[in-house]
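Below: the structure, in structure tokens.
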Amino acid sequence: MILQVQRVSKTYRTAGKNVQALKEASLQVSAGELLAVHGPSGCGKSTLLLCCGGLLGHDDGGQITVDGLNPYSLDHRQRAAFRAEKVGFVFQQFHLIPYLDVLDNVLAASIARSPSASRERAMSLLERVGMRDRMQHLPGELSVGERQRVALARAVLNDPPLILADEPTGNLDPENAHVVFQTLRDYAENGKAVLLVTHERGLLSAVHRALRLHRGRLE
Amino acid sequence: MPTIRLLTREILHRKTVFLAGLIAVALSVGIGSGAVTLLRVFDRQTETILQARHEEVERAWARFRNDVRKSMLELGFNLIIVHEEQYLSTPDEATHYLPEAYVDTLSEARIMMINHVLPFLRKRIWWQEQNRWVTLYGTPGEVQINNPAFQVPMVEAIRPGHASLGRGIHQSLGLREGDRFVLLGREFVVQDCRLPEGFEEDEQIRVPLDEAQQMLDKPGRITGLMAINCVCDDPEGLAKIRAAVAEVLPNTRVREHRGNMVVRAEERSRAARETEASLERERASRAELRSRREEFNTVLLPLVAVVAAVWLGLMMWMNVHHRRGEIAILRAIGWTDSRVFRLFLGKAVLTGALGGLLGYAGGQIVLALRLGGANVPLYDFGLIVASLVGAIALAVLASWLPASLAARVDPAVVLQQE
């Protein structure tokens with residue numbers, strides 16, 4: 001089991017108003033599995049993803065382990081290392097660094113000790129997502145689909161056991177959406193795990209398993 | 001990916017913001033290093049001015065000493081002690097005499113300012129053998145040394161039976177050293193023929209004192225005492241000498257021999273002292289001016305540093321604010337908070353280092369253009385290091401808070417917002 005989420009709750013506390021985003025949510029993602037969590041906007045999908053990635057504390061209870069590690073039991077430095085080694089993020093908005101070219105954007109996530117090995121792997125990944133010939137380009141010079149492919153290459157650079165993808169195809173045309181989705185699926189089928197959150201029902205038929213998140217509860 | 005690569009790419013991407021910070025640091029360093037250089041230039045000018053003044057004082061004192069020395073060499077004596085009733089305008093017509101014992105009295109008094117005492121008996125006489133007037137000048141032929149430190153006799157001794165002839169006499173009579181002549185029935189051998197010394201001295205025949213006393217029938221008497229003041233460079237001490245002599249030799253008066261020379265020496269002395277005083281005034285004035293400049297700098301430099309720090313801090317804060325999304329994604333892909341902190345602090349160090357160098361170079365060039373290249377050292381290793389260290393410290397301090405804020409950016413919050 002790569003990802004285990006057990007009875008996780010998360011409440012956002014703002015002045016005079018508490019919003020419970022997750023209510024005792026539990027799920028598991030095995031190696032080789034692509035699990036989709038779907039639901040309407042604001043149902044807590046992104047919160048679930050951030051919690052799984054060790055970015056958002058779940059103070060209201062529950063436990064999360066990724067590849068046997070509970071990120072919230074780690075100190076700051078260890079948790080950063082956890083995010084670099086155990087998890088790869090793909091966001092709907094890509095979040096590429098605007099002043100780095102494609103290759104450097106992918107390499108920004110690198111934790112390899114050998115720069116040349118890291119560079120070779122980055123170029124290989126860009127080749128796989130069809131961006132090898134654009135690797136000297138800045139994000140501003142790419143289409144949205146191309147940007148997402150670069151973000152995908154960045155997410156898998158360190159070969160993490162778990163990919164957390166937040167609406168990865170939400171902004172893409174069908175062709176690019178297919179490339180991205182297929183890449184994620186292939187990654188999962190190579191012994192890794194992918195947790196994908198989406199509101200697109202069309203994707204659900206292509207994933208290995210799907211769960212519905214409704215008002216913070218997984219169904 | 002090395003942090004430095006990301007840092008340089010970001011700087012190249014946001015050149016304007018970086019340049020704004022760089023200019024702030026460069027300006028503050030330029031003003032700071034310029035102020036320090038100006039002070040140093042001022043110090044060098046002060047040194048040059050004071051050195052010139054010092055040399056002027058030295059020259060003035062040298063002129064004074066030289067004058068006194070020349071006067072002393074020329075005159076041989078600078079004080080003359082005679083009977084208080086002796087009519088000074090005609091010294092050769094002696095009316096009052098002093099006891100020869102005054103020589104011992106004066107010697108034993110050990111007036112430290114008088115080192116040589118020379119008694120004399122002088123009288124203008126008719127030289128019947130040559131049918132002319134001359135001045136007979138009897139001296140003991142040897143110098144009375146008061147202070148053992150002064151062992152060099154200033155007047156050559158006259159041997160018994162010998163005479164020293166002034167120029168007017170040996171020239172007119174064609175006498176040379178070793179020649180013999182008769183004066184008032186007594187035969188003398190010419191011991192030396194003197195070079196021109198002055199109108200009175202050129203008409204003198206100097207003989208041993210005891211022989212002169214016999215010739216003039218004045219045994220144990222002298223006309224006066226020549227006192228050679230070896231404390232030659234202190235003509236202001238004459239009043240002291242007079243007072244000391246009056247104490248030990250009653251019924252005497254002391255006058256300056258060739259007083260105009262002394263007056264001139266005193267003038268020289270006053271001029272030298274005035275030059276010396278002006279040197280001190282200049283030194284004080286320069287010190288005052290420097291102090292004022294330092295005071296100004298103590299206000300200006302911190303003010304400039306604070307303005308630059310605020311400006312740079314603001315630039316850095318804006319930079320952090322603009323890059324919140326970028327920071328969030330870096331944290332999400334595994335960057336530690338300390339690495340994010342180092343990224344921003346590294347930018348501050350780079351801004352400080354470049355700004356320090358540019359500011360130093362700019363400040364020196366502006367000063368060199370205004371003051372002349374020769375006056376402003378373009379390469380001052382100490383100041384370069386100080387500018388660099390100061391600029392980096394300034395930039396780091398100004399960026400510390402924004403860099404800390406960057407390190408504390410919560411990626412979850414930012415990623416959810418975006």
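Every chain in the structure tokens takes a letter, A first, then B, and so on in the order presented; its residues are numbered from 1, and the ligands are numbered from 1 following the presented order.
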Using only C-alpha atoms, which residues sit within 7 Å of Ala193 (chain A) once same-chain residues fewer than 3 positions away are excluded, as a short mmCIF file (atom, residue, chain, number, x, y, z; two decimals) with N, CA and C atoms, in the first residue's frame?
```cif
data_model
loop_
_atom_site.label_atom_id
_atom_site.label_comp_id
_atom_site.auth_asym_id
_atom_site.auth_seq_id
_atom_site.Cartn_x
_atom_site.Cartn_y
_atom_site.Cartn_z
N ILE A 2 0.61 2.09 -0.97
CA ILE A 2 1.45 3.30 -1.02
C ILE A 2 0.82 4.44 -0.23
N VAL A 29 -4.54 3.68 -1.64
CA VAL A 29 -4.12 3.55 -3.05
C VAL A 29 -2.95 2.58 -3.08
N SER A 30 -3.12 1.54 -3.83
CA SER A 30 -2.07 0.52 -3.90
C SER A 30 -1.08 0.84 -5.01
N ALA A 31 0.01 0.13 -5.01
CA ALA A 31 0.99 0.26 -6.10
C ALA A 31 0.33 -0.21 -7.39
N GLY A 32 0.54 0.55 -8.45
CA GLY A 32 -0.03 0.20 -9.74
C GLY A 32 -1.44 0.72 -9.93
N GLU A 33 -1.93 1.50 -8.98
CA GLU A 33 -3.32 1.95 -9.04
C GLU A 33 -3.43 3.45 -9.30
N LEU A 34 -4.38 3.78 -10.14
CA LEU A 34 -4.74 5.18 -10.35
C LEU A 34 -6.13 5.38 -9.79
N PRO A 161 6.90 7.48 -5.31
CA PRO A 161 5.92 6.39 -5.32
C PRO A 161 4.49 6.88 -5.50
N LEU A 162 4.24 8.17 -5.19
CA LEU A 162 2.86 8.68 -5.26
C LEU A 162 2.82 10.00 -6.03
N ILE A 163 1.87 10.04 -6.97
CA ILE A 163 1.61 11.30 -7.68
C ILE A 163 0.25 11.81 -7.23
N ALA A 188 1.33 5.02 -13.05
CA ALA A 188 0.74 4.17 -12.01
C ALA A 188 0.97 2.70 -12.34
#
```
- Query: Quick one: which residues from chain A are at most 10 Å off chain B, using only C-alpha atoms, as a PyMOL selection string?
  - Reply: chain A and resi 46-47+50-51+53-57+76-89+91-101+104-113+115+118-119+154-155+158
- Message: Please list as a PyMOL selection string every residue within 6 Å of Ala210 (chain A), counting only C-alpha atoms and excluding residues in the same chain fewer than 5 positions away.
- Response: chain A and resi 35-37
- Once DSSP has gone over the backbone, tell me which residues of chain A are in helix (DSSP H, G or I), as number ranges by chain. A: 45-52, 71-73, 76-86, 102-107, 115-128, 132-134, 139-141, 144-156, 174-189, 201-206
- Message: Counting only C-alpha atoms, which residue out of B:Thr298, B:Gln204, B:Thr252, B:Thr46 sits closest to Ile125 (chain B)?
- Response: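 The shortest atom-to-atom distance to Ile125 (chain B) comes from B:Gln204.
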- Message: If I take CA of His83 (chain B) and CA of Val248 (chain B), how far is one from the other in Å, to one decimal?
- Response: 13.3 Å
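The spacing separating CA of Thr11 (chain A) from CA of Glu24 (chain A) amounts to 11.0 Å.
Near Thr37 (chain B), within 10 Å and counting only C-alpha atoms, sit B:Ile31, B:Asp43, B:Gly363, B:Gln364, B:Leu367, B:Asn375, B:Val376, B:Pro377, B:Leu378, B:Asp380, B:Leu383; same-chain residues fewer than 6 positions away were not included.
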